[in-house]
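Student: Okay, handing you the structure first.
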Amino acid sequence: MTVRVIDVRESVMARNNEIARSVRERIESEGVLALNLVSSPGAGKTTLLEKTLDALGDEMAIAIVTGDVQTQNDADRLARHTSSLVQAVVTGGACHLDALQVDKALEAIDLSRTDLLFIENVGNLVCPAAWDLGEHAKVVLFSVTEGEDKPLKYPRMFREARHAVMTKIDLLPYLPFDLPRAMGYAREVNPDLEILLTSATTGQGMDDWIAFLRREVSHRSNRPAPSLG
Amino acid sequence: MHEMSIALEVCRIAETRLTPEALPRLLTVGIVVGDDAGVEPSNLQFCLDALLAQPPFGGATAKIARQPGDELRVDYLEVDE
């Protein structure tokens with residue numbers, strides 16, 4: 001038997017990353033800000049988006065691609081807060097969204113009329129960290145009902161994220177959660193991480209989140225600023 | 001699952017590097033998995049064993065090499081000429 005060895009040295013992520021680059025070029029050419037929301041299941045991604053649509057929906061055009069392993073429940077919830085199309089991607093068992101799924105979902109979205117694109121990833125702190133979807137930044141949600149050491153347990157996700165949103169802070173009085181310690185762990189993993197403290201239920205900290213989005217959208221937009229009056 | 005997505009992509013890369021006639025004669029797929037790649041090697045091995053046992057492949061072996069970092073690549077293919 002003669003064995004021929006073929007040198008390959010090709011990244012397994014190369015094809016995904018190529019599609020992600022194409023997605024990023026499209027959204028950048030349209031002046032759209034794209035944020036990839038990642039978290040463990042139940043951290044409050046959909047609730048944060050519902051409140052965000054309520055606060056900003058009349059001010060800017062927000063499109064959403066939302067991924068779930070099964071069901072379109074999150075898309076149905078979000079659709080009640082916007083007249084824009086909410087694109088549901090049911091991954092059928094896969095634990096993350098990939099760039100091809102986002103690319104296909106964007107076919108139904110008019111990016112030329114979009115200011116802000118949210119990609120709500122599948123709830124999972126491991127796999128989504130590895131997949132570039134063409135977003136400008138990953139935003140990791142971290143709820144106070146989780147352990148303070150989540151950033152140490154899932155360092156890659158907290159390293160990949162540019163922003164962190166601590167959620168459910170209205171529950172802090174009822175939990176033994178040590179907020180300074182949790183924030184310390186997050187900054188230990190990623191010293192540049194911007195951390196916002198929020199409660200979508202009481203509205204605490206939501207002004208900071210909304211101000212952050214306004215600022216980021218205005219930096220990206222190549223269209224005239226929306227009238228706030 | 002995550003490792004199945006990775007395994008499918010590994011197989012797709014192998015298919016792009018070989019002619020259809022050569023695929024059943026593929027003997028080995030060498031893969032490098034970094035310690036920080038977010039991939040469980042034993043799960044990936046399980047998925048690749050299952051996929052490489054099915055046509056168009058003919059029972060090739062996946063050999064996973066670990067290394068520091070987050071590298072995840074198909075390193076080489078061995079084919080029976």
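Ordered as shown in the structure tokens, chains take letters A, B, and onward, while each chain numbers its residues from 1 and ligands are numbered from 1 in the order shown.
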Skip segment 12-24 of chain B itself and residues of its chain fewer than 4 positions away, then list as a list in words all residues within 7 Å of it, counting only C-alpha atoms.

Tutor: Leu8, Pro56, Phe57 and Gly58 of chain B

Student: Taking only C-alpha atoms into account and nothing else, which residues of chain B lie no more than 6 Å away from chain A? Please answer as a VMD selection string.

Tutor: chain B and resid 1 72 to 81

Student: Skipping near chain neighbours, those fewer than 5 positions away, what residues fall within 9 Å of Ile64 of chain B using only C-alpha atoms, listed as a list in words?

Tutor: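 Contacts, with the query itself left out: Val29, Gly30, Ile31, Val32, Val33, Pro41, Leu44 and Gln45 of chain B.
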
Student: With DSSP run on the backbone, what are the strand (DSSP E or B) residues within segment 49-85 of chain A? I'd like them as a list in words.

Tutor: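 Selecting the strand (DSSP E or B) positions of segment 49-85 of chain A gives Ile62, Ala63, Ile64, Val65, Thr66, Gly67 and Asp68 of chain A.
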
Student: Tell me which of A:Thr71, A:Ser218, A:Thr145, A:Asn124 sits closest to Leu179 of chain A, counting only C-alpha atoms.

Tutor: A:Thr145

Student: Which residues come within 8 Å of Leu197 of chain A, counting only C-alpha atoms, excluding same-chain residues fewer than 6 positions away, as a VMD selection string?

Tutor: chain A and resid 165 to 167 169 204 to 205

Student: Quick check for you: according to DSSP on this backbone, which residues of segment 7-206 of chain A are classed as alpha helix (DSSP H)? Reply as a PDB file with N, CA, C and O atoms, in the first residue's frame.

Tutor:
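Contents of the output file part-v7.pdb:
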```pdb
ATOM      1  N   ALA A  14     -12.532  28.374   8.906  1.00  0.00           N
ATOM      2  CA  ALA A  14     -12.236  29.269   7.780  1.00  0.00           C
ATOM      3  C   ALA A  14     -13.487  29.640   6.980  1.00  0.00           C
ATOM      4  O   ALA A  14     -13.695  30.812   6.638  1.00  0.00           O
ATOM      5  N   ARG A  15     -14.315  28.638   6.667  1.00  0.00           N
ATOM      6  CA  ARG A  15     -15.504  28.922   5.847  1.00  0.00           C
ATOM      7  C   ARG A  15     -16.477  29.818   6.603  1.00  0.00           C
ATOM      8  O   ARG A  15     -17.016  30.781   6.051  1.00  0.00           O
ATOM      9  N   ASN A  16     -16.702  29.491   7.894  1.00  0.00           N
ATOM     10  CA  ASN A  16     -17.583  30.332   8.707  1.00  0.00           C
ATOM     11  C   ASN A  16     -17.052  31.765   8.755  1.00  0.00           C
ATOM     12  O   ASN A  16     -17.805  32.735   8.600  1.00  0.00           O
ATOM     13  N   ASN A  17     -15.730  31.891   8.948  1.00  0.00           N
ATOM     14  CA  ASN A  17     -15.150  33.226   9.082  1.00  0.00           C
ATOM     15  C   ASN A  17     -15.222  34.011   7.778  1.00  0.00           C
ATOM     16  O   ASN A  17     -15.362  35.233   7.784  1.00  0.00           O
ATOM     17  N   GLU A  18     -15.150  33.294   6.664  1.00  0.00           N
ATOM     18  CA  GLU A  18     -15.271  33.959   5.361  1.00  0.00           C
ATOM     19  C   GLU A  18     -16.693  34.519   5.184  1.00  0.00           C
ATOM     20  O   GLU A  18     -16.885  35.658   4.743  1.00  0.00           O
ATOM     21  N   ILE A  19     -17.687  33.719   5.573  1.00  0.00           N
ATOM     22  CA  ILE A  19     -19.080  34.191   5.480  1.00  0.00           C
ATOM     23  C   ILE A  19     -19.300  35.342   6.454  1.00  0.00           C
ATOM     24  O   ILE A  19     -19.970  36.329   6.136  1.00  0.00           O
ATOM     25  N   ALA A  20     -18.702  35.237   7.644  1.00  0.00           N
ATOM     26  CA  ALA A  20     -18.841  36.299   8.642  1.00  0.00           C
ATOM     27  C   ALA A  20     -18.250  37.607   8.119  1.00  0.00           C
ATOM     28  O   ALA A  20     -18.811  38.688   8.339  1.00  0.00           O
ATOM     29  N   ARG A  21     -17.126  37.505   7.414  1.00  0.00           N
ATOM     30  CA  ARG A  21     -16.521  38.713   6.829  1.00  0.00           C
ATOM     31  C   ARG A  21     -17.468  39.362   5.828  1.00  0.00           C
ATOM     32  O   ARG A  21     -17.629  40.574   5.794  1.00  0.00           O
ATOM     33  N   SER A  22     -18.128  38.516   5.037  1.00  0.00           N
ATOM     34  CA  SER A  22     -19.065  39.030   4.045  1.00  0.00           C
ATOM     35  C   SER A  22     -20.264  39.697   4.728  1.00  0.00           C
ATOM     36  O   SER A  22     -20.731  40.758   4.303  1.00  0.00           O
ATOM     37  N   VAL A  23     -20.754  39.081   5.804  1.00  0.00           N
ATOM     38  CA  VAL A  23     -21.864  39.681   6.567  1.00  0.00           C
ATOM     39  C   VAL A  23     -21.424  41.036   7.127  1.00  0.00           C
ATOM     40  O   VAL A  23     -22.144  42.038   7.032  1.00  0.00           O
ATOM     41  N   ARG A  24     -20.215  41.063   7.674  1.00  0.00           N
ATOM     42  CA  ARG A  24     -19.728  42.304   8.290  1.00  0.00           C
ATOM     43  C   ARG A  24     -19.593  43.414   7.238  1.00  0.00           C
ATOM     44  O   ARG A  24     -19.931  44.575   7.497  1.00  0.00           O
ATOM     45  N   GLU A  25     -19.131  43.048   6.054  1.00  0.00           N
ATOM     46  CA  GLU A  25     -18.999  44.051   4.982  1.00  0.00           C
ATOM     47  C   GLU A  25     -20.370  44.618   4.610  1.00  0.00           C
ATOM     48  O   GLU A  25     -20.520  45.821   4.405  1.00  0.00           O
ATOM     49  N   ARG A  26     -21.372  43.728   4.556  1.00  0.00           N
ATOM     50  CA  ARG A  26     -22.728  44.197   4.204  1.00  0.00           C
ATOM     51  C   ARG A  26     -23.261  45.156   5.249  1.00  0.00           C
ATOM     52  O   ARG A  26     -23.795  46.222   4.924  1.00  0.00           O
ATOM     53  N   ILE A  27     -23.153  44.781   6.523  1.00  0.00           N
ATOM     54  CA  ILE A  27     -23.750  45.636   7.552  1.00  0.00           C
ATOM     55  C   ILE A  27     -22.965  46.945   7.693  1.00  0.00           C
ATOM     56  O   ILE A  27     -23.546  47.986   7.967  1.00  0.00           O
ATOM     57  N   GLU A  28     -21.650  46.873   7.452  1.00  0.00           N
ATOM     58  CA  GLU A  28     -20.861  48.108   7.547  1.00  0.00           C
ATOM     59  C   GLU A  28     -21.171  49.035   6.383  1.00  0.00           C
ATOM     60  O   GLU A  28     -21.238  50.247   6.566  1.00  0.00           O
ATOM     61  N   SER A  29     -21.373  48.464   5.212  1.00  0.00           N
ATOM     62  CA  SER A  29     -21.673  49.322   4.057  1.00  0.00           C
ATOM     63  C   SER A  29     -23.028  50.006   4.228  1.00  0.00           C
ATOM     64  O   SER A  29     -23.278  51.061   3.652  1.00  0.00           O
ATOM     65  N   LYS A  45     -31.780  37.576  27.949  1.00  0.00           N
ATOM     66  CA  LYS A  45     -31.533  38.209  26.644  1.00  0.00           C
ATOM     67  C   LYS A  45     -32.846  38.710  26.025  1.00  0.00           C
ATOM     68  O   LYS A  45     -32.937  39.843  25.569  1.00  0.00           O
ATOM     69  N   THR A  46     -33.846  37.841  26.006  1.00  0.00           N
ATOM     70  CA  THR A  46     -35.102  38.209  25.343  1.00  0.00           C
ATOM     71  C   THR A  46     -35.803  39.330  26.097  1.00  0.00           C
ATOM     72  O   THR A  46     -36.342  40.266  25.482  1.00  0.00           O
ATOM     73  N   THR A  47     -35.784  39.282  27.411  1.00  0.00           N
ATOM     74  CA  THR A  47     -36.422  40.341  28.202  1.00  0.00           C
ATOM     75  C   THR A  47     -35.714  41.677  27.982  1.00  0.00           C
ATOM     76  O   THR A  47     -36.353  42.719  27.821  1.00  0.00           O
ATOM     77  N   LEU A  48     -34.386  41.646  27.944  1.00  0.00           N
ATOM     78  CA  LEU A  48     -33.639  42.883  27.673  1.00  0.00           C
ATOM     79  C   LEU A  48     -34.012  43.434  26.300  1.00  0.00           C
ATOM     80  O   LEU A  48     -34.198  44.651  26.142  1.00  0.00           O
ATOM     81  N   LEU A  49     -34.167  42.557  25.330  1.00  0.00           N
ATOM     82  CA  LEU A  49     -34.530  43.007  23.980  1.00  0.00           C
ATOM     83  C   LEU A  49     -35.949  43.561  23.945  1.00  0.00           C
ATOM     84  O   LEU A  49     -36.219  44.556  23.261  1.00  0.00           O
ATOM     85  N   GLU A  50     -36.867  42.918  24.680  1.00  0.00           N
ATOM     86  CA  GLU A  50     -38.245  43.436  24.723  1.00  0.00           C
ATOM     87  C   GLU A  50     -38.254  44.876  25.230  1.00  0.00           C
ATOM     88  O   GLU A  50     -38.896  45.762  24.645  1.00  0.00           O
ATOM     89  N   LYS A  51     -37.538  45.110  26.330  1.00  0.00           N
ATOM     90  CA  LYS A  51     -37.497  46.465  26.914  1.00  0.00           C
ATOM     91  C   LYS A  51     -36.767  47.442  26.009  1.00  0.00           C
ATOM     92  O   LYS A  51     -37.091  48.629  25.958  1.00  0.00           O
ATOM     93  N   THR A  52     -35.763  46.931  25.305  1.00  0.00           N
ATOM     94  CA  THR A  52     -35.014  47.788  24.374  1.00  0.00           C
ATOM     95  C   THR A  52     -35.903  48.218  23.214  1.00  0.00           C
ATOM     96  O   THR A  52     -35.887  49.387  22.797  1.00  0.00           O
ATOM     97  N   LEU A  53     -36.690  47.275  22.693  1.00  0.00           N
ATOM     98  CA  LEU A  53     -37.625  47.615  21.607  1.00  0.00           C
ATOM     99  C   LEU A  53     -38.636  48.643  22.095  1.00  0.00           C
ATOM    100  O   LEU A  53     -38.973  49.590  21.364  1.00  0.00           O
ATOM    101  N   ASP A  54     -39.127  48.487  23.326  1.00  0.00           N
ATOM    102  CA  ASP A  54     -40.095  49.443  23.877  1.00  0.00           C
ATOM    103  C   ASP A  54     -39.472  50.843  23.980  1.00  0.00           C
ATOM    104  O   ASP A  54     -40.136  51.846  23.725  1.00  0.00           O
ATOM    105  N   ALA A  55     -38.195  50.891  24.368  1.00  0.00           N
ATOM    106  CA  ALA A  55     -37.547  52.184  24.614  1.00  0.00           C
ATOM    107  C   ALA A  55     -37.074  52.863  23.337  1.00  0.00           C
ATOM    108  O   ALA A  55     -37.098  54.089  23.230  1.00  0.00           O
ATOM    109  N   LEU A  56     -36.632  52.083  22.369  1.00  0.00           N
ATOM    110  CA  LEU A  56     -35.966  52.669  21.192  1.00  0.00           C
ATOM    111  C   LEU A  56     -36.686  52.414  19.870  1.00  0.00           C
ATOM    112  O   LEU A  56     -36.284  52.964  18.845  1.00  0.00           O
ATOM    113  N   ASN A  73     -40.475  30.617  20.290  1.00  0.00           N
ATOM    114  CA  ASN A  73     -41.088  31.368  21.382  1.00  0.00           C
ATOM    115  C   ASN A  73     -40.484  32.758  21.566  1.00  0.00           C
ATOM    116  O   ASN A  73     -41.193  33.743  21.777  1.00  0.00           O
ATOM    117  N   ASP A  74     -39.154  32.831  21.506  1.00  0.00           N
ATOM    118  CA  ASP A  74     -38.504  34.134  21.707  1.00  0.00           C
ATOM    119  C   ASP A  74     -38.878  35.095  20.583  1.00  0.00           C
ATOM    120  O   ASP A  74     -39.135  36.277  20.821  1.00  0.00           O
ATOM    121  N   ALA A  75     -38.889  34.592  19.360  1.00  0.00           N
ATOM    122  CA  ALA A  75     -39.259  35.449  18.219  1.00  0.00           C
ATOM    123  C   ALA A  75     -40.694  35.942  18.376  1.00  0.00           C
ATOM    124  O   ALA A  75     -40.989  37.114  18.111  1.00  0.00           O
ATOM    125  N   ASP A  76     -41.582  35.057  18.828  1.00  0.00           N
ATOM    126  CA  ASP A  76     -42.983  35.453  19.028  1.00  0.00           C
ATOM    127  C   ASP A  76     -43.089  36.532  20.106  1.00  0.00           C
ATOM    128  O   ASP A  76     -43.847  37.486  19.984  1.00  0.00           O
ATOM    129  N   ARG A  77     -42.340  36.362  21.192  1.00  0.00           N
ATOM    130  CA  ARG A  77     -42.349  37.369  22.267  1.00  0.00           C
ATOM    131  C   ARG A  77     -41.880  38.716  21.731  1.00  0.00           C
ATOM    132  O   ARG A  77     -42.489  39.754  21.990  1.00  0.00           O
ATOM    133  N   LEU A  78     -40.783  38.714  20.986  1.00  0.00           N
ATOM    134  CA  LEU A  78     -40.200  39.971  20.497  1.00  0.00           C
ATOM    135  C   LEU A  78     -41.098  40.633  19.457  1.00  0.00           C
ATOM    136  O   LEU A  78     -41.190  41.857  19.400  1.00  0.00           O
ATOM    137  N   ALA A  79     -41.772  39.806  18.660  1.00  0.00           N
ATOM    138  CA  ALA A  79     -42.627  40.351  17.604  1.00  0.00           C
ATOM    139  C   ALA A  79     -43.758  41.195  18.191  1.00  0.00           C
ATOM    140  O   ALA A  79     -44.292  42.088  17.521  1.00  0.00           O
ATOM    141  N   ALA A  99     -22.360  31.698  10.991  1.00  0.00           N
ATOM    142  CA  ALA A  99     -22.446  32.847  10.083  1.00  0.00           C
ATOM    143  C   ALA A  99     -23.376  32.575   8.906  1.00  0.00           C
ATOM    144  O   ALA A  99     -24.061  33.486   8.426  1.00  0.00           O
ATOM    145  N   LEU A 100     -23.414  31.342   8.448  1.00  0.00           N
ATOM    146  CA  LEU A 100     -24.283  31.016   7.317  1.00  0.00           C
ATOM    147  C   LEU A 100     -25.752  31.207   7.700  1.00  0.00           C
ATOM    148  O   LEU A 100     -26.556  31.724   6.903  1.00  0.00           O
ATOM    149  N   GLN A 101     -26.120  30.799   8.917  1.00  0.00           N
ATOM    150  CA  GLN A 101     -27.507  30.983   9.375  1.00  0.00           C
ATOM    151  C   GLN A 101     -27.855  32.470   9.438  1.00  0.00           C
ATOM    152  O   GLN A 101     -28.950  32.880   9.049  1.00  0.00           O
ATOM    153  N   VAL A 102     -26.920  33.279   9.928  1.00  0.00           N
ATOM    154  CA  VAL A 102     -27.176  34.721  10.016  1.00  0.00           C
ATOM    155  C   VAL A 102     -27.268  35.318   8.616  1.00  0.00           C
ATOM    156  O   VAL A 102     -28.150  36.130   8.322  1.00  0.00           O
ATOM    157  N   ASP A 103     -26.363  34.908   7.748  1.00  0.00           N
ATOM    158  CA  ASP A 103     -26.365  35.400   6.370  1.00  0.00           C
ATOM    159  C   ASP A 103     -27.719  35.130   5.703  1.00  0.00           C
ATOM    160  O   ASP A 103     -28.300  36.006   5.059  1.00  0.00           O
ATOM    161  N   LYS A 104     -28.240  33.916   5.889  1.00  0.00           N
ATOM    162  CA  LYS A 104     -29.539  33.574   5.294  1.00  0.00           C
ATOM    163  C   LYS A 104     -30.669  34.367   5.935  1.00  0.00           C
ATOM    164  O   LYS A 104     -31.596  34.824   5.262  1.00  0.00           O
ATOM    165  N   ALA A 105     -30.602  34.522   7.258  1.00  0.00           N
ATOM    166  CA  ALA A 105     -31.657  35.270   7.957  1.00  0.00           C
ATOM    167  C   ALA A 105     -31.696  36.716   7.488  1.00  0.00           C
ATOM    168  O   ALA A 105     -32.769  37.334   7.421  1.00  0.00           O
ATOM    169  N   LEU A 106     -30.534  37.273   7.146  1.00  0.00           N
ATOM    170  CA  LEU A 106     -30.481  38.675   6.734  1.00  0.00           C
ATOM    171  C   LEU A 106     -31.093  38.913   5.357  1.00  0.00           C
ATOM    172  O   LEU A 106     -31.389  40.051   4.998  1.00  0.00           O
ATOM    173  N   LYS A 150     -18.698  32.748  37.075  1.00  0.00           N
ATOM    174  CA  LYS A 150     -18.966  32.410  35.668  1.00  0.00           C
ATOM    175  C   LYS A 150     -17.849  32.892  34.729  1.00  0.00           C
ATOM    176  O   LYS A 150     -17.432  32.148  33.828  1.00  0.00           O
ATOM    177  N   PRO A 151     -17.327  34.117  34.912  1.00  0.00           N
ATOM    178  CA  PRO A 151     -16.251  34.559  34.001  1.00  0.00           C
ATOM    179  C   PRO A 151     -15.012  33.679  34.076  1.00  0.00           C
ATOM    180  O   PRO A 151     -14.312  33.510  33.074  1.00  0.00           O
ATOM    181  N   LEU A 152     -14.740  33.112  35.254  1.00  0.00           N
ATOM    182  CA  LEU A 152     -13.570  32.241  35.383  1.00  0.00           C
ATOM    183  C   LEU A 152     -13.848  30.871  34.777  1.00  0.00           C
ATOM    184  O   LEU A 152     -12.947  30.226  34.236  1.00  0.00           O
ATOM    185  N   LYS A 153     -15.110  30.436  34.855  1.00  0.00           N
ATOM    186  CA  LYS A 153     -15.467  29.127  34.306  1.00  0.00           C
ATOM    187  C   LYS A 153     -15.578  29.153  32.783  1.00  0.00           C
ATOM    188  O   LYS A 153     -15.384  28.131  32.126  1.00  0.00           O
ATOM    189  N   PRO A 155     -14.014  31.529  30.456  1.00  0.00           N
ATOM    190  CA  PRO A 155     -13.182  32.716  30.159  1.00  0.00           C
ATOM    191  C   PRO A 155     -13.214  33.141  28.706  1.00  0.00           C
ATOM    192  O   PRO A 155     -13.141  34.331  28.402  1.00  0.00           O
ATOM    193  N   ARG A 156     -13.312  32.161  27.793  1.00  0.00           N
ATOM    194  CA  ARG A 156     -13.239  32.554  26.377  1.00  0.00           C
ATOM    195  C   ARG A 156     -14.379  33.498  26.017  1.00  0.00           C
ATOM    196  O   ARG A 156     -14.183  34.471  25.297  1.00  0.00           O
ATOM    197  N   MET A 157     -15.592  33.195  26.523  1.00  0.00           N
ATOM    198  CA  MET A 157     -16.728  34.056  26.202  1.00  0.00           C
ATOM    199  C   MET A 157     -16.513  35.465  26.744  1.00  0.00           C
ATOM    200  O   MET A 157     -16.796  36.455  26.056  1.00  0.00           O
ATOM    201  N   PHE A 158     -16.002  35.556  27.963  1.00  0.00           N
ATOM    202  CA  PHE A 158     -15.809  36.881  28.550  1.00  0.00           C
ATOM    203  C   PHE A 158     -14.617  37.606  27.919  1.00  0.00           C
ATOM    204  O   PHE A 158     -14.572  38.834  27.917  1.00  0.00           O
ATOM    205  N   ARG A 159     -13.686  36.848  27.360  1.00  0.00           N
ATOM    206  CA  ARG A 159     -12.581  37.477  26.624  1.00  0.00           C
ATOM    207  C   ARG A 159     -13.054  37.978  25.259  1.00  0.00           C
ATOM    208  O   ARG A 159     -12.639  39.023  24.779  1.00  0.00           O
ATOM    209  N   GLU A 160     -13.923  37.192  24.621  1.00  0.00           N
ATOM    210  CA  GLU A 160     -14.405  37.553  23.276  1.00  0.00           C
ATOM    211  C   GLU A 160     -15.355  38.750  23.322  1.00  0.00           C
ATOM    212  O   GLU A 160     -15.472  39.485  22.347  1.00  0.00           O
ATOM    213  N   LEU A 179     -21.584  41.077  44.099  1.00  0.00           N
ATOM    214  CA  LEU A 179     -21.436  41.807  42.834  1.00  0.00           C
ATOM    215  C   LEU A 179     -20.005  42.282  42.577  1.00  0.00           C
ATOM    216  O   LEU A 179     -19.465  42.063  41.482  1.00  0.00           O
ATOM    217  N   PRO A 180     -19.344  42.930  43.566  1.00  0.00           N
ATOM    218  CA  PRO A 180     -17.954  43.370  43.303  1.00  0.00           C
ATOM    219  C   PRO A 180     -17.042  42.196  42.943  1.00  0.00           C
ATOM    220  O   PRO A 180     -16.163  42.325  42.089  1.00  0.00           O
ATOM    221  N   ARG A 181     -17.254  41.064  43.583  1.00  0.00           N
ATOM    222  CA  ARG A 181     -16.413  39.910  43.271  1.00  0.00           C
ATOM    223  C   ARG A 181     -16.667  39.441  41.826  1.00  0.00           C
ATOM    224  O   ARG A 181     -15.724  39.157  41.083  1.00  0.00           O
ATOM    225  N   ALA A 182     -17.945  39.373  41.439  1.00  0.00           N
ATOM    226  CA  ALA A 182     -18.291  38.945  40.074  1.00  0.00           C
ATOM    227  C   ALA A 182     -17.681  39.889  39.038  1.00  0.00           C
ATOM    228  O   ALA A 182     -17.105  39.455  38.032  1.00  0.00           O
ATOM    229  N   MET A 183     -17.798  41.195  39.296  1.00  0.00           N
ATOM    230  CA  MET A 183     -17.231  42.171  38.353  1.00  0.00           C
ATOM    231  C   MET A 183     -15.709  42.066  38.327  1.00  0.00           C
ATOM    232  O   MET A 183     -15.073  42.223  37.280  1.00  0.00           O
ATOM    233  N   GLY A 184     -15.123  41.779  39.480  1.00  0.00           N
ATOM    234  CA  GLY A 184     -13.674  41.600  39.556  1.00  0.00           C
ATOM    235  C   GLY A 184     -13.219  40.410  38.729  1.00  0.00           C
ATOM    236  O   GLY A 184     -12.223  40.493  38.003  1.00  0.00           O
ATOM    237  N   TYR A 185     -13.963  39.317  38.817  1.00  0.00           N
ATOM    238  CA  TYR A 185     -13.619  38.128  38.020  1.00  0.00           C
ATOM    239  C   TYR A 185     -13.729  38.443  36.521  1.00  0.00           C
ATOM    240  O   TYR A 185     -12.895  38.016  35.726  1.00  0.00           O
ATOM    241  N   ALA A 186     -14.785  39.169  36.162  1.00  0.00           N
ATOM    242  CA  ALA A 186     -14.976  39.495  34.740  1.00  0.00           C
ATOM    243  C   ALA A 186     -13.810  40.335  34.225  1.00  0.00           C
ATOM    244  O   ALA A 186     -13.283  40.095  33.131  1.00  0.00           O
ATOM    245  N   ARG A 187     -13.368  41.302  35.041  1.00  0.00           N
ATOM    246  CA  ARG A 187     -12.258  42.172  34.599  1.00  0.00           C
ATOM    247  C   ARG A 187     -10.913  41.466  34.706  1.00  0.00           C
ATOM    248  O   ARG A 187      -9.958  41.841  34.028  1.00  0.00           O
ATOM    249  N   GLU A 188     -10.864  40.437  35.561  1.00  0.00           N
ATOM    250  CA  GLU A 188      -9.634  39.633  35.634  1.00  0.00           C
ATOM    251  C   GLU A 188      -9.424  38.904  34.298  1.00  0.00           C
ATOM    252  O   GLU A 188      -8.313  38.788  33.793  1.00  0.00           O
ATOM    253  N   VAL A 189     -10.541  38.421  33.736  1.00  0.00           N
ATOM    254  CA  VAL A 189     -10.478  37.700  32.460  1.00  0.00           C
ATOM    255  C   VAL A 189     -10.316  38.677  31.295  1.00  0.00           C
ATOM    256  O   VAL A 189      -9.590  38.399  30.339  1.00  0.00           O
ATOM    257  N   MET A 206     -31.317  50.732  33.003  1.00  0.00           N
ATOM    258  CA  MET A 206     -31.691  50.621  31.586  1.00  0.00           C
ATOM    259  C   MET A 206     -31.338  51.889  30.812  1.00  0.00           C
ATOM    260  O   MET A 206     -31.048  51.836  29.621  1.00  0.00           O
TER     261      MET A 206
END
```

Student: What separation in Å, quoted to one decimal, exists between atom CA of Ile119 of chain A and atom CA of Ala63 of chain A?

Tutor: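 Atom-to-atom, atom CA of Ile119 of chain A to atom CA of Ala63 of chain A, that is 8.6 Å.
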
Student: Identify, on the basis of only C-alpha atoms, every residue whose closest approach to Ser40 of chain A does not exceed 8 Å; exclude the query and any residue fewer than 4 positions from it along the same chain; express the result as a ChimeraX atom specification.

Tutor: /A:123-125,141-142

Student: Could you write those residues out with N, CA, C and O atoms, as a PDB file, in the first residue's frame?

Tutor:
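Contents of out-v2.pdb, freshly written:
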```pdb
ATOM      1  N   GLY A 123     -28.727  30.274  24.000  1.00  0.00           N
ATOM      2  CA  GLY A 123     -28.223  30.374  25.372  1.00  0.00           C
ATOM      3  C   GLY A 123     -27.170  29.315  25.650  1.00  0.00           C
ATOM      4  O   GLY A 123     -27.493  28.126  25.743  1.00  0.00           O
ATOM      5  N   ASN A 124     -25.914  29.757  25.773  1.00  0.00           N
ATOM      6  CA  ASN A 124     -24.798  28.813  25.910  1.00  0.00           C
ATOM      7  C   ASN A 124     -23.539  29.657  26.046  1.00  0.00           C
ATOM      8  O   ASN A 124     -23.293  30.535  25.213  1.00  0.00           O
ATOM      9  N   LEU A 125     -22.762  29.423  27.077  1.00  0.00           N
ATOM     10  CA  LEU A 125     -21.565  30.251  27.283  1.00  0.00           C
ATOM     11  C   LEU A 125     -20.299  29.630  26.684  1.00  0.00           C
ATOM     12  O   LEU A 125     -19.217  30.162  26.874  1.00  0.00           O
ATOM     13  N   LEU A 141     -24.347  38.671  28.526  1.00  0.00           N
ATOM     14  CA  LEU A 141     -25.231  38.933  29.656  1.00  0.00           C
ATOM     15  C   LEU A 141     -24.870  37.971  30.778  1.00  0.00           C
ATOM     16  O   LEU A 141     -24.571  36.786  30.532  1.00  0.00           O
ATOM     17  N   PHE A 142     -24.937  38.465  32.005  1.00  0.00           N
ATOM     18  CA  PHE A 142     -24.485  37.712  33.170  1.00  0.00           C
ATOM     19  C   PHE A 142     -25.461  38.066  34.290  1.00  0.00           C
ATOM     20  O   PHE A 142     -25.450  39.188  34.782  1.00  0.00           O
TER      21      PHE A 142
END
```

Student: Counting only C-alpha atoms, which residue out of B:Val10, B:Gly34, B:Leu27, B:Ala65 sits closest to Leu48 of chain B?

Tutor: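 Selected residue with least distance to Leu48 of chain B: B:Val10.
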
Student: In Å, how far is it from atom CA of Gln54 of chain B to atom CA of Asp35 of chain B?

Tutor: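 Distance between the two atoms: 28.5 Å.
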